[in-house]
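**Student:** Sharing start26.cif here; it has mmCIF, C-alpha atoms.
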```
data_model
#
loop_
_atom_site.label_atom_id
_atom_site.label_comp_id
_atom_site.auth_asym_id
_atom_site.auth_seq_id
_atom_site.Cartn_x
_atom_site.Cartn_y
_atom_site.Cartn_z
CA MET A 1 -9.76 -28.05 -17.12
CA THR A 2 -6.91 -25.68 -16.38
CA LEU A 3 -7.66 -22.03 -15.79
CA PRO A 4 -4.84 -19.50 -16.27
CA LEU A 5 -3.78 -17.68 -13.12
CA THR A 6 -4.47 -14.11 -12.08
CA PRO A 7 -1.14 -12.23 -12.09
CA SER A 8 0.34 -10.53 -9.03
CA GLN A 9 0.61 -6.74 -8.70
CA THR A 10 2.43 -4.64 -6.14
CA ALA A 11 0.66 -3.80 -2.88
CA GLY A 12 1.79 -0.21 -3.53
CA PRO A 13 2.36 2.50 -0.92
CA PHE A 14 -1.23 2.73 0.39
CA PHE A 15 -2.04 -0.77 1.65
CA ALA A 16 -2.24 0.58 5.20
CA ILE A 17 -5.82 1.60 4.32
CA GLY A 18 -6.86 -2.02 4.18
CA LEU A 19 -4.35 -4.59 5.41
CA PRO A 20 -2.99 -3.90 8.90
CA TRP A 21 -4.97 -5.34 11.82
CA ALA A 22 -4.74 -4.11 15.39
CA ASP A 23 -3.89 -7.66 16.52
CA GLY A 24 -1.84 -8.48 13.41
CA PRO A 25 1.55 -8.84 15.13
CA HIS A 26 0.02 -11.03 17.85
CA VAL A 27 0.15 -14.62 16.61
CA VAL A 28 -0.77 -15.42 20.21
CA PRO A 29 -2.63 -13.10 22.59
CA GLU A 30 -0.52 -10.77 24.71
CA GLY A 31 0.71 -12.38 27.90
CA THR A 32 0.70 -15.97 26.54
CA PRO A 33 3.22 -18.04 28.53
CA GLY A 34 6.31 -18.89 26.49
CA ALA A 35 5.68 -16.20 23.89
CA ILE A 36 8.68 -14.98 21.91
CA THR A 37 9.27 -11.80 19.93
CA ILE A 38 10.80 -11.72 16.48
CA SER A 39 11.63 -8.26 15.22
CA GLY A 40 13.89 -6.69 12.66
CA ARG A 41 14.15 -4.26 9.81
CA VAL A 42 13.40 -4.49 6.11
CA LEU A 43 16.18 -2.79 4.11
CA ASP A 44 16.60 -1.95 0.43
CA GLY A 45 19.66 -2.27 -1.81
CA ALA A 46 21.07 1.04 -0.53
CA GLY A 47 20.68 -0.10 3.09
CA ALA A 48 17.77 2.33 3.55
CA PRO A 49 14.78 1.18 5.62
CA VAL A 50 11.70 0.06 3.72
CA THR A 51 9.11 2.13 5.56
CA ASP A 52 6.09 1.05 3.52
CA GLY A 53 6.41 -2.73 3.68
CA LEU A 54 4.22 -5.46 5.13
CA VAL A 55 5.71 -8.58 6.73
CA GLU A 56 3.57 -11.70 7.14
CA THR A 57 4.55 -14.90 8.93
CA TRP A 58 3.07 -18.41 8.85
CA GLN A 59 4.26 -21.26 11.06
CA ALA A 60 3.50 -24.50 12.86
CA GLY A 61 2.54 -24.53 16.51
CA PRO A 62 4.91 -25.66 19.28
CA ASP A 63 3.96 -29.28 18.49
CA GLY A 64 5.00 -28.87 14.84
CA ARG A 65 1.42 -29.14 13.59
CA PHE A 66 -0.96 -26.91 11.65
CA ALA A 67 -4.66 -26.39 12.31
CA HIS A 68 -5.46 -27.14 8.68
CA PRO A 69 -7.26 -29.98 6.86
CA ASP A 70 -4.20 -30.76 4.72
CA ASP A 71 -2.01 -31.48 7.73
CA PRO A 72 -2.62 -35.23 8.19
CA ARG A 73 -1.63 -34.87 11.85
CA SER A 74 -3.81 -31.85 12.69
CA GLY A 75 -5.69 -31.61 15.98
CA GLY A 76 -4.83 -30.50 19.47
CA GLU A 77 -3.39 -27.12 18.50
CA ALA A 78 -2.63 -24.57 21.21
CA ALA A 79 -5.69 -22.44 22.04
CA GLY A 80 -5.47 -18.87 20.79
CA PHE A 81 -2.57 -19.70 18.46
CA ARG A 82 -3.34 -18.27 15.00
CA GLY A 83 -0.11 -19.31 13.28
CA PHE A 84 -0.30 -16.17 11.16
CA GLY A 85 1.32 -12.81 11.90
CA ARG A 86 1.12 -9.55 10.00
CA CYS A 87 2.97 -6.32 10.71
CA PRO A 88 3.51 -3.19 8.59
CA THR A 89 7.01 -1.70 8.82
CA ASP A 90 7.36 1.60 10.68
CA ALA A 91 9.32 4.77 9.91
CA ALA A 92 12.55 2.90 10.74
CA GLY A 93 11.62 -0.09 8.55
CA ARG A 94 10.95 -2.14 11.67
CA TYR A 95 8.44 -4.98 12.09
CA CYS A 96 7.66 -7.24 15.02
CA VAL A 97 5.65 -10.42 15.68
CA MET A 98 4.81 -12.03 19.01
CA THR A 99 4.40 -15.78 18.74
CA LEU A 100 5.26 -19.21 20.11
CA ARG A 101 8.29 -21.13 18.97
CA PRO A 102 7.28 -23.56 16.22
CA GLY A 103 8.14 -27.23 16.66
CA ARG A 104 10.17 -29.41 14.35
CA LEU A 105 8.05 -30.95 11.61
CA PRO A 106 8.32 -33.91 9.28
CA SER A 107 9.52 -33.15 5.77
CA ALA A 108 7.48 -34.24 2.75
CA GLY A 109 10.44 -36.26 1.49
CA GLY A 110 11.20 -37.96 4.81
CA GLY A 111 13.44 -36.54 7.53
CA TRP A 112 12.71 -33.39 9.48
CA GLU A 113 12.47 -29.71 8.87
CA ALA A 114 13.96 -27.53 11.59
CA PRO A 115 11.62 -25.11 13.41
CA HIS A 116 10.93 -22.20 11.06
CA LEU A 117 8.48 -19.50 9.98
CA ASP A 118 7.61 -18.83 6.36
CA VAL A 119 7.70 -15.10 5.62
CA SER A 120 6.10 -13.00 2.87
CA VAL A 121 7.14 -9.39 2.28
CA PHE A 122 4.92 -7.00 0.34
CA ALA A 123 5.82 -3.40 -0.54
CA ARG A 124 5.77 -0.66 -3.11
CA GLY A 125 8.35 -1.75 -5.68
CA LEU A 126 7.70 -5.46 -5.10
CA LEU A 127 5.55 -6.59 -8.03
CA ASP A 128 5.14 -9.98 -6.37
CA ARG A 129 5.71 -10.88 -2.74
CA VAL A 130 9.17 -12.11 -1.80
CA VAL A 131 9.28 -15.21 0.40
CA THR A 132 11.91 -16.16 2.94
CA ARG A 133 12.20 -18.30 6.08
CA ILE A 134 13.21 -17.56 9.66
CA TYR A 135 15.17 -20.29 11.50
CA PHE A 136 16.42 -20.21 15.10
CA PRO A 137 20.06 -19.82 16.17
CA ASP A 138 19.78 -22.26 19.10
CA GLU A 139 18.55 -25.16 16.93
CA GLU A 140 21.95 -25.99 15.46
CA GLU A 141 21.41 -29.73 15.21
CA ALA A 142 17.97 -29.41 13.65
CA ASN A 143 19.22 -26.70 11.26
CA LEU A 144 22.06 -28.95 10.10
CA ALA A 145 19.52 -31.65 9.18
CA ASP A 146 17.03 -29.28 7.55
CA PRO A 147 16.59 -30.11 3.84
CA VAL A 148 15.89 -26.49 2.83
CA LEU A 149 18.98 -25.10 4.58
CA ARG A 150 21.09 -27.98 3.30
CA ALA A 151 20.16 -27.14 -0.27
CA ILE A 152 21.82 -23.70 0.07
CA ALA A 153 25.51 -24.41 -0.52
CA ASP A 154 27.00 -21.03 0.47
CA PRO A 155 27.23 -20.77 4.29
CA GLY A 156 27.07 -16.97 4.10
CA ARG A 157 23.80 -17.13 2.18
CA ARG A 158 22.44 -19.80 4.52
CA ALA A 159 23.23 -17.57 7.50
CA THR A 160 20.81 -14.92 6.23
CA LEU A 161 17.96 -17.27 7.20
CA ILE A 162 18.97 -17.66 10.86
CA ALA A 163 17.59 -15.16 13.36
CA ALA A 164 19.94 -13.69 15.98
CA ALA A 165 19.23 -14.12 19.67
CA GLN A 166 18.72 -10.83 21.46
CA PRO A 167 19.76 -10.43 25.06
CA GLY A 168 16.59 -11.36 26.96
CA GLN A 169 14.80 -9.01 29.32
CA PRO A 170 13.71 -10.43 32.66
CA GLY A 171 10.40 -12.20 32.13
CA GLN A 172 10.87 -12.31 28.35
CA PRO A 173 12.37 -15.68 27.53
CA GLY A 174 12.91 -15.23 23.82
CA GLU A 175 13.75 -12.19 21.76
CA PHE A 176 15.04 -12.72 18.26
CA ARG A 177 16.17 -10.35 15.56
CA PHE A 178 15.72 -11.05 11.86
CA ASP A 179 16.58 -8.37 9.31
CA ILE A 180 15.38 -8.75 5.73
CA ARG A 181 17.74 -7.32 3.11
CA LEU A 182 15.95 -7.13 -0.22
CA GLN A 183 19.07 -6.55 -2.31
CA GLY A 184 22.85 -6.26 -2.25
CA ARG A 185 25.32 -6.99 0.54
CA GLN A 186 24.10 -9.85 2.75
CA GLU A 187 20.97 -10.11 0.60
CA THR A 188 18.48 -12.41 2.29
CA VAL A 189 17.83 -15.74 0.58
CA PHE A 190 14.42 -15.56 -1.12
CA PHE A 191 12.49 -18.56 -2.35
CA GLU A 192 10.47 -19.44 -5.39
CA VAL A 193 7.40 -21.17 -3.96
CA MET B 194 11.74 -32.08 21.15
CA PRO B 195 8.01 -32.94 21.30
CA ALA B 196 7.12 -36.51 20.45
CA ASN B 197 5.66 -36.98 17.00
CA PRO B 198 3.46 -39.85 15.84
CA LEU B 199 5.13 -39.97 12.42
CA PRO B 200 8.84 -39.79 13.21
CA GLY B 201 10.50 -38.81 9.98
CA ALA B 202 8.07 -40.77 7.86
CA ALA B 203 7.52 -39.48 4.33
CA LEU B 204 4.17 -37.69 4.17
CA ASP B 205 1.73 -37.86 1.32
CA LEU B 206 1.19 -34.13 0.84
CA PRO B 207 -0.35 -32.17 -2.02
CA THR B 208 1.93 -29.86 -3.97
CA TYR B 209 0.93 -26.77 -5.91
CA ARG B 210 1.76 -26.09 -9.54
CA ARG B 211 4.40 -23.40 -10.06
CA PRO B 212 3.19 -20.18 -11.70
CA ALA B 213 5.72 -20.07 -14.53
CA GLY B 214 5.65 -16.88 -16.59
CA VAL B 215 2.48 -15.37 -15.10
CA HIS B 216 3.69 -12.92 -12.47
CA PRO B 217 5.74 -9.79 -13.19
CA PRO B 218 9.53 -10.03 -12.88
CA LEU B 219 10.68 -8.41 -9.62
CA ASP B 220 13.25 -6.44 -11.63
CA SER B 221 11.04 -4.31 -13.88
CA PRO B 222 13.06 -1.20 -14.82
CA GLY B 223 10.01 0.68 -16.14
CA TYR B 224 8.67 0.76 -12.58
CA ARG B 225 11.38 2.71 -10.80
CA SER B 226 10.62 1.56 -7.26
CA THR B 227 11.79 -1.96 -8.20
CA ALA B 228 15.38 -0.73 -8.71
CA LEU B 229 16.58 -1.04 -5.10
CA ARG B 230 13.96 -3.52 -3.94
CA HIS B 231 14.36 -6.55 -6.19
CA PRO B 232 16.65 -9.39 -5.09
CA ARG B 233 19.70 -9.77 -7.35
CA GLU B 234 20.44 -13.35 -6.32
CA PRO B 235 18.38 -16.04 -8.04
CA LEU B 236 15.38 -17.28 -6.08
CA VAL B 237 15.90 -20.68 -4.43
CA ARG B 238 13.25 -23.27 -5.24
CA LEU B 239 11.36 -24.18 -2.06
CA PRO B 240 9.89 -27.69 -1.99
CA HIS B 241 6.28 -27.74 -0.82
CA GLY B 242 6.23 -29.04 2.74
CA LEU B 243 3.67 -28.74 5.49
CA THR B 244 4.28 -25.02 5.99
CA GLU B 245 3.67 -24.26 2.31
CA ILE B 246 0.59 -26.44 1.72
CA THR B 247 -1.21 -25.09 4.78
CA GLY B 248 -2.28 -21.53 5.49
CA PRO B 249 -4.22 -19.41 7.92
CA VAL B 250 -7.96 -19.87 8.23
CA LEU B 251 -9.00 -16.26 8.78
CA GLY B 252 -12.08 -14.19 8.81
CA GLU B 253 -14.79 -15.64 11.00
CA GLY B 254 -15.09 -13.04 13.76
CA ARG B 255 -12.85 -10.65 11.81
CA VAL B 256 -15.41 -9.70 9.17
CA THR B 257 -18.99 -8.45 9.38
CA ALA B 258 -21.48 -8.34 6.50
CA ALA B 259 -21.23 -4.52 6.53
CA ASP B 260 -17.50 -4.69 5.67
CA ALA B 261 -18.36 -5.61 2.07
CA ASP B 262 -20.19 -2.31 1.46
CA LEU B 263 -17.71 0.58 1.20
CA THR B 264 -20.53 3.08 0.60
CA THR B 265 -22.16 2.74 4.03
CA GLN B 266 -19.20 3.13 6.37
CA HIS B 267 -19.90 6.79 7.19
CA ALA B 268 -22.79 9.10 8.00
CA GLY B 269 -23.29 10.10 4.37
CA GLU B 270 -22.83 8.42 1.00
CA PRO B 271 -19.53 8.83 -0.83
CA LEU B 272 -19.41 10.77 -4.08
CA GLY B 273 -18.83 8.84 -7.28
CA GLU B 274 -20.25 6.18 -9.52
CA ARG B 275 -21.75 3.42 -7.34
CA ILE B 276 -20.64 -0.04 -8.48
CA ILE B 277 -21.07 -3.70 -7.57
CA VAL B 278 -17.96 -5.87 -7.96
CA THR B 279 -18.56 -9.59 -7.75
CA GLY B 280 -17.01 -12.83 -8.92
CA ARG B 281 -15.55 -16.11 -7.81
CA VAL B 282 -12.24 -17.21 -6.36
CA LEU B 283 -11.19 -20.42 -8.10
CA ASP B 284 -8.07 -22.50 -8.29
CA SER B 285 -6.53 -23.34 -11.62
CA ASP B 286 -8.40 -26.67 -11.66
CA GLY B 287 -11.63 -24.68 -11.63
CA ARG B 288 -12.48 -25.60 -8.07
CA PRO B 289 -14.05 -22.81 -6.00
CA VAL B 290 -12.10 -21.55 -2.98
CA PRO B 291 -14.76 -21.17 -0.27
CA GLY B 292 -14.43 -19.49 3.11
CA THR B 293 -11.35 -17.45 2.25
CA LEU B 294 -10.71 -13.86 3.32
CA ILE B 295 -10.60 -11.14 0.66
CA GLU B 296 -9.40 -7.65 1.60
CA VAL B 297 -9.71 -4.68 -0.76
CA TRP B 298 -8.54 -1.08 -0.71
CA GLN B 299 -8.83 1.73 -3.23
CA ALA B 300 -8.73 5.45 -4.01
CA ASN B 301 -11.90 7.54 -3.89
CA ALA B 302 -13.80 8.75 -6.96
CA ALA B 303 -11.41 11.69 -7.32
CA GLY B 304 -8.34 9.45 -7.35
CA ARG B 305 -7.19 10.17 -3.79
CA TYR B 306 -6.33 7.58 -1.16
CA HIS B 307 -7.34 8.11 2.45
CA HIS B 308 -3.68 7.80 3.45
CA ALA B 309 -1.15 10.24 4.95
CA VAL B 310 1.46 9.83 2.20
CA ASP B 311 -0.93 10.41 -0.71
CA ASN B 312 -0.19 14.03 -1.67
CA HIS B 313 -2.32 14.18 -4.82
CA SER B 314 -4.22 17.49 -4.81
CA ALA B 315 -7.59 15.81 -5.50
CA PRO B 316 -10.05 16.08 -2.59
CA LEU B 317 -10.57 13.54 0.15
CA ASP B 318 -14.14 12.34 0.63
CA PRO B 319 -15.24 12.39 4.30
CA ASN B 320 -17.70 9.61 3.49
CA PHE B 321 -15.19 7.21 1.96
CA SER B 322 -12.35 5.31 3.63
CA GLY B 323 -11.77 2.87 0.79
CA ALA B 324 -11.25 -0.41 2.67
CA GLY B 325 -13.44 -3.52 2.62
CA ARG B 326 -13.34 -7.23 3.37
CA CYS B 327 -15.44 -10.30 2.93
CA ILE B 328 -15.32 -14.08 3.08
CA THR B 329 -16.07 -16.15 -0.03
CA ASP B 330 -19.22 -18.27 0.17
CA SER B 331 -19.46 -22.03 -0.39
CA GLU B 332 -19.13 -21.49 -4.17
CA GLY B 333 -16.09 -19.22 -3.80
CA ARG B 334 -18.21 -16.15 -4.54
CA TYR B 335 -17.57 -12.64 -3.23
CA ARG B 336 -19.44 -9.34 -3.65
CA PHE B 337 -18.49 -5.76 -2.82
CA VAL B 338 -20.46 -2.53 -3.18
CA THR B 339 -18.24 0.51 -3.62
CA ILE B 340 -17.68 3.51 -5.87
CA LYS B 341 -15.54 3.47 -8.99
CA PRO B 342 -12.06 4.71 -8.04
CA GLY B 343 -10.52 7.58 -10.00
CA ALA B 344 -7.25 7.54 -11.92
CA TYR B 345 -4.39 9.41 -10.25
CA PRO B 346 -0.94 10.78 -11.08
CA TRP B 347 2.29 9.41 -9.64
CA GLY B 348 5.95 10.31 -9.86
CA ASN B 349 7.32 7.34 -11.78
CA HIS B 350 7.94 9.33 -14.97
CA TYR B 351 6.76 12.56 -16.60
CA ASN B 352 2.94 12.73 -16.76
CA ALA B 353 2.53 9.24 -15.31
CA TRP B 354 -1.03 8.21 -14.35
CA ARG B 355 -2.30 5.03 -12.77
CA PRO B 356 -5.34 3.48 -14.44
CA ALA B 357 -8.29 3.15 -12.04
CA HIS B 358 -8.01 -0.01 -9.95
CA ILE B 359 -9.06 -1.77 -6.77
CA HIS B 360 -6.39 -3.61 -4.75
CA PHE B 361 -7.25 -7.21 -3.79
CA SER B 362 -5.52 -9.37 -1.17
CA LEU B 363 -6.30 -13.11 -1.08
CA PHE B 364 -5.18 -16.00 1.09
CA GLY B 365 -6.63 -19.04 -0.65
CA CYS B 366 -6.22 -22.11 1.53
CA ALA B 367 -2.43 -22.49 1.46
CA PHE B 368 0.66 -20.32 1.86
CA THR B 369 1.46 -21.10 -1.79
CA GLN B 370 -1.82 -19.49 -2.90
CA ARG B 371 -1.32 -16.08 -1.22
CA LEU B 372 -1.91 -13.34 -3.78
CA VAL B 373 -1.99 -9.53 -3.77
CA THR B 374 -3.20 -8.09 -7.06
CA ARG B 375 -5.36 -5.38 -8.60
CA MET B 376 -8.58 -5.30 -10.56
CA TYR B 377 -8.66 -2.84 -13.45
CA PHE B 378 -11.65 -1.57 -15.46
CA PRO B 379 -12.38 -2.33 -19.12
CA GLY B 380 -11.29 0.07 -21.83
CA ASP B 381 -9.06 2.27 -19.67
CA PRO B 382 -7.01 4.59 -21.94
CA LEU B 383 -4.18 4.64 -19.38
CA PHE B 384 -3.13 0.98 -19.74
CA ALA B 385 -0.61 1.61 -22.52
CA GLN B 386 1.55 4.03 -20.47
CA ASP B 387 1.38 2.20 -17.12
CA PRO B 388 4.52 0.25 -16.14
CA ILE B 389 2.80 -1.60 -13.29
CA PHE B 390 0.00 -2.98 -15.47
CA ASN B 391 2.53 -3.76 -18.20
CA SER B 392 4.97 -5.42 -15.80
CA VAL B 393 2.96 -8.59 -16.43
CA PRO B 394 4.85 -9.90 -19.44
CA ASP B 395 2.06 -11.82 -21.18
CA ALA B 396 -0.66 -9.77 -22.92
CA ALA B 397 -3.33 -12.41 -22.24
CA ALA B 398 -2.38 -12.47 -18.56
CA ARG B 399 -2.74 -8.68 -18.39
CA GLN B 400 -6.30 -9.00 -19.68
CA ARG B 401 -7.07 -11.29 -16.73
CA MET B 402 -6.63 -8.33 -14.36
CA ILE B 403 -9.49 -6.45 -16.09
CA CYS B 404 -13.07 -6.94 -14.91
CA ARG B 405 -16.04 -7.28 -17.23
CA PHE B 406 -19.05 -4.98 -17.28
CA ASP B 407 -22.23 -7.02 -16.83
CA LEU B 408 -25.72 -5.62 -17.31
CA SER B 409 -27.21 -8.57 -15.44
CA ILE B 410 -25.23 -7.61 -12.32
CA THR B 411 -26.11 -3.95 -12.82
CA GLN B 412 -29.05 -2.91 -10.65
CA PRO B 413 -31.63 -0.57 -12.24
CA GLU B 414 -31.64 3.00 -10.94
CA TRP B 415 -28.85 2.12 -8.50
CA ALA B 416 -25.42 0.73 -9.47
CA LEU B 417 -23.32 -0.56 -12.37
CA GLY B 418 -22.20 -4.19 -12.14
CA TYR B 419 -18.78 -5.67 -12.85
CA GLU B 420 -17.64 -9.28 -12.68
CA TRP B 421 -14.11 -10.43 -11.96
CA ASP B 422 -12.99 -13.98 -11.25
CA ILE B 423 -9.67 -14.55 -9.52
CA VAL B 424 -7.69 -17.72 -10.17
CA LEU B 425 -5.21 -19.01 -7.60
CA ARG B 426 -2.71 -21.82 -8.07
CA GLY B 427 -4.07 -25.35 -8.24
CA ARG B 428 -2.58 -28.60 -7.11
CA GLU B 429 -0.51 -31.05 -9.04
CA ALA B 430 -2.82 -33.46 -10.86
CA ALA B 431 -2.09 -36.64 -8.89
CA VAL B 432 -3.13 -34.99 -5.67
CA PHE B 433 -6.24 -33.46 -7.18
CA GLU B 434 -7.49 -37.00 -7.81
CA ARG B 435 -6.75 -38.01 -4.25
CA GLU B 436 -8.57 -35.39 -2.29
CA GLU B 437 -11.59 -33.16 -2.71
CA GLY B 438 -11.60 -31.60 0.74
CA TRP B 439 -10.66 -28.01 -0.22
#
```
Output the file's structure in the form of structure tokens.
**Tutor:**
Amino acid sequence: MTLPLTPSQTAGPFFAIGLPWADGPHVVPEGTPGAITISGRVLDGAGAPVTDGLVETWQAGPDGRFAHPDDPRSGGEAAGFRGFGRCPTDAAGRYCVMTLRPGRLPSAGGGWEAPHLDVSVFARGLLDRVVTRIYFPDEEEANLADPVLRAIADPGRRATLIAAAQPGQPGQPGEFRFDIRLQGRQETVFFEV
Amino acid sequence: MPANPLPGAALDLPTYRRPAGVHPPLDSPGYRSTALRHPREPLVRLPHGLTEITGPVLGEGRVTAADADLTTQHAGEPLGERIIVTGRVLDSDGRPVPGTLIEVWQANAAGRYHHAVDNHSAPLDPNFSGAGRCITDSEGRYRFVTIKPGAYPWGNHYNAWRPAHIHFSLFGCAFTQRLVTRMYFPGDPLFAQDPIFNSVPDAAARQRMICRFDLSITQPEWALGYEWDIVLRGREAAVFEREEGW
């Protein structure tokens, strides 16, 4: 039996009624040792901020594992680590998630995937989510071996998937910036999943 | 680098079938807001690895039974036609998706959203916020009590009106299954002029966004009943044979 799928529709401009959670941006509780911040802006094809977007992230824990029955290595995940982040964009198009750095993880085809977060963006004007990935700038060796990055031939396009390190504040070991450009100059690489 | 018990070994992971031709194209000129928001570069095919075949397990502790009744969230009852919306979340192999979070949001009976940027002149209802959530049961079933949302005008083109709908957000059990969609009501005269409904290219697929009136769900002297099943992506066949866990 094969059932035909339910089609996607845009989240529209009013999803803030139902989707944001107070703890959405906190993949780990506030004050978790080793927590990092990833923030950035969502921009449209004219470079204008997308002020009615929703950014969601999904990632492995620091050990590269998922608390999920389909991860054959699951178990022993960090307490309080949800893996999932959700943040609506603000009046400047800005989003932010507080999380732990994901570990490297084995690739389905052998080899290793570099530490990354999968990202979904929803907004008015997006009839289906767009999906991208966030990689880390200080994982050069792992990034070079990553099968998903390697499949993107153009180095300029590949670079749109690497977050930028932000100058750290005392007591904040990791601050990263990742802008998402939906269209045009420096358009972010989006994936068909 | 943390030690890993399977250093670089190929993993036997499920993969999910690709949804060819079902979802609307991101560039849909009839819906003006897509103009500056659709990627121009072709999408890159992402192989399904561990990040894609897993997903968040959400809801327990985040949802109470009361969250599924949008008519009892305030001191008084909202105005409008009371309805029951129920159905199942399935994957395309017909397997129920149990224990998954569903979030809904909608306009009130007058066609107005409880949201700062909705400037439609229709009245707000102090007894209706328009947000609900629930977790599917062991058979993938969900059930909401709400009021039928009204149609409302929008600025896409001259005399543009959105057919009545309820927004649905679903996680399924994997990143690949994440879906945000809308449920429409049968027989709505506004379908023909609506570029969002018609952004779905296949006519049969558009019909799958429309719920079905059901007298057996309807409760006498109380509320009309509608049924709507939601189908998320299923796994590639070989893997379906291998595992029945989810």
**Student:** May I have the protein, DNA and RNA residues with an atom at most 9 Å from (-17.5, 12.5, 3.5), counting all atoms listed in the file in the file's coordinates, returned as an MDAnalysis selection string?
**Tutor:** chainID B and resid 267:272 317:322
**Student:** Translate the PyMOL selection byres ((chain A) within 7 of (chain B)), as applied to the file shown, into an explicit residue set as a PyMOL selection string.
**Tutor:** chain A and resi 1-11+14-15+17-18+44-46+59-60+63+68+70-71+83-84+106-112+124-128+182-184+190-193
**Student:** Expand the PyMOL selection byres ((chain A and resi 135) around 12) into the individual residues it matches in the shown file, reporting them as a short mmCIF file (atom, residue, chain, number, x, y, z; two decimals) with C-alpha atoms, in the frame of the given file.
**Tutor:**
```cif
data_model
loop_
_atom_site.label_atom_id
_atom_site.label_comp_id
_atom_site.auth_asym_id
_atom_site.auth_seq_id
_atom_site.Cartn_x
_atom_site.Cartn_y
_atom_site.Cartn_z
CA ILE A 38 10.80 -11.72 16.48
CA GLN A 59 4.26 -21.26 11.06
CA ARG A 101 8.29 -21.13 18.97
CA PRO A 102 7.28 -23.56 16.22
CA GLY A 103 8.14 -27.23 16.66
CA ARG A 104 10.17 -29.41 14.35
CA GLU A 113 12.47 -29.71 8.87
CA ALA A 114 13.96 -27.53 11.59
CA PRO A 115 11.62 -25.11 13.41
CA HIS A 116 10.93 -22.20 11.06
CA LEU A 117 8.48 -19.50 9.98
CA ASP A 118 7.61 -18.83 6.36
CA VAL A 119 7.70 -15.10 5.62
CA THR A 132 11.91 -16.16 2.94
CA ARG A 133 12.20 -18.30 6.08
CA ILE A 134 13.21 -17.56 9.66
CA PHE A 136 16.42 -20.21 15.10
CA PRO A 137 20.06 -19.82 16.17
CA ASP A 138 19.78 -22.26 19.10
CA GLU A 139 18.55 -25.16 16.93
CA GLU A 140 21.95 -25.99 15.46
CA GLU A 141 21.41 -29.73 15.21
CA ALA A 142 17.97 -29.41 13.65
CA ASN A 143 19.22 -26.70 11.26
CA LEU A 144 22.06 -28.95 10.10
CA ASP A 146 17.03 -29.28 7.55
CA VAL A 148 15.89 -26.49 2.83
CA LEU A 149 18.98 -25.10 4.58
CA ARG A 158 22.44 -19.80 4.52
CA ALA A 159 23.23 -17.57 7.50
CA THR A 160 20.81 -14.92 6.23
CA LEU A 161 17.96 -17.27 7.20
CA ILE A 162 18.97 -17.66 10.86
CA ALA A 163 17.59 -15.16 13.36
CA ALA A 164 19.94 -13.69 15.98
CA ALA A 165 19.23 -14.12 19.67
CA PHE A 176 15.04 -12.72 18.26
CA ARG A 177 16.17 -10.35 15.56
CA PHE A 178 15.72 -11.05 11.86
#
```
**Student:** Expressed in Å to a single decimal, how great is the separation between CA of Cys96 in chain A and CA of Ile36 in chain A?
**Tutor:**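 About the pair CA of Cys96 in chain A and CA of Ile36 in chain A: they are 10.4 Å apart.
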**Student:** Write out as a CSV table (one decimal) with C-alpha atoms, in the coordinates of the input the residues lying within 10 Å of Gln386 in chain B, counting only C-alpha atoms and excluding same-chain residues fewer than 4 positions away.
**Tutor:**
```csv
chain,number,residue,atom,x,y,z
B,350,HIS,CA,7.9,9.3,-15.0
B,352,ASN,CA,2.9,12.7,-16.8
B,353,ALA,CA,2.5,9.2,-15.3
B,354,TRP,CA,-1.0,8.2,-14.4
B,355,ARG,CA,-2.3,5.0,-12.8
B,356,PRO,CA,-5.3,3.5,-14.4
B,382,PRO,CA,-7.0,4.6,-21.9
B,390,PHE,CA,0.0,-3.0,-15.5
B,391,ASN,CA,2.5,-3.8,-18.2
```
**Student:** Using all atoms listed in the file, find the one residue out of A:Cys87, A:Leu43, A:Leu19, A:Ala35 that sits nearest to Gln186 in chain A.
**Tutor:** A:Leu43
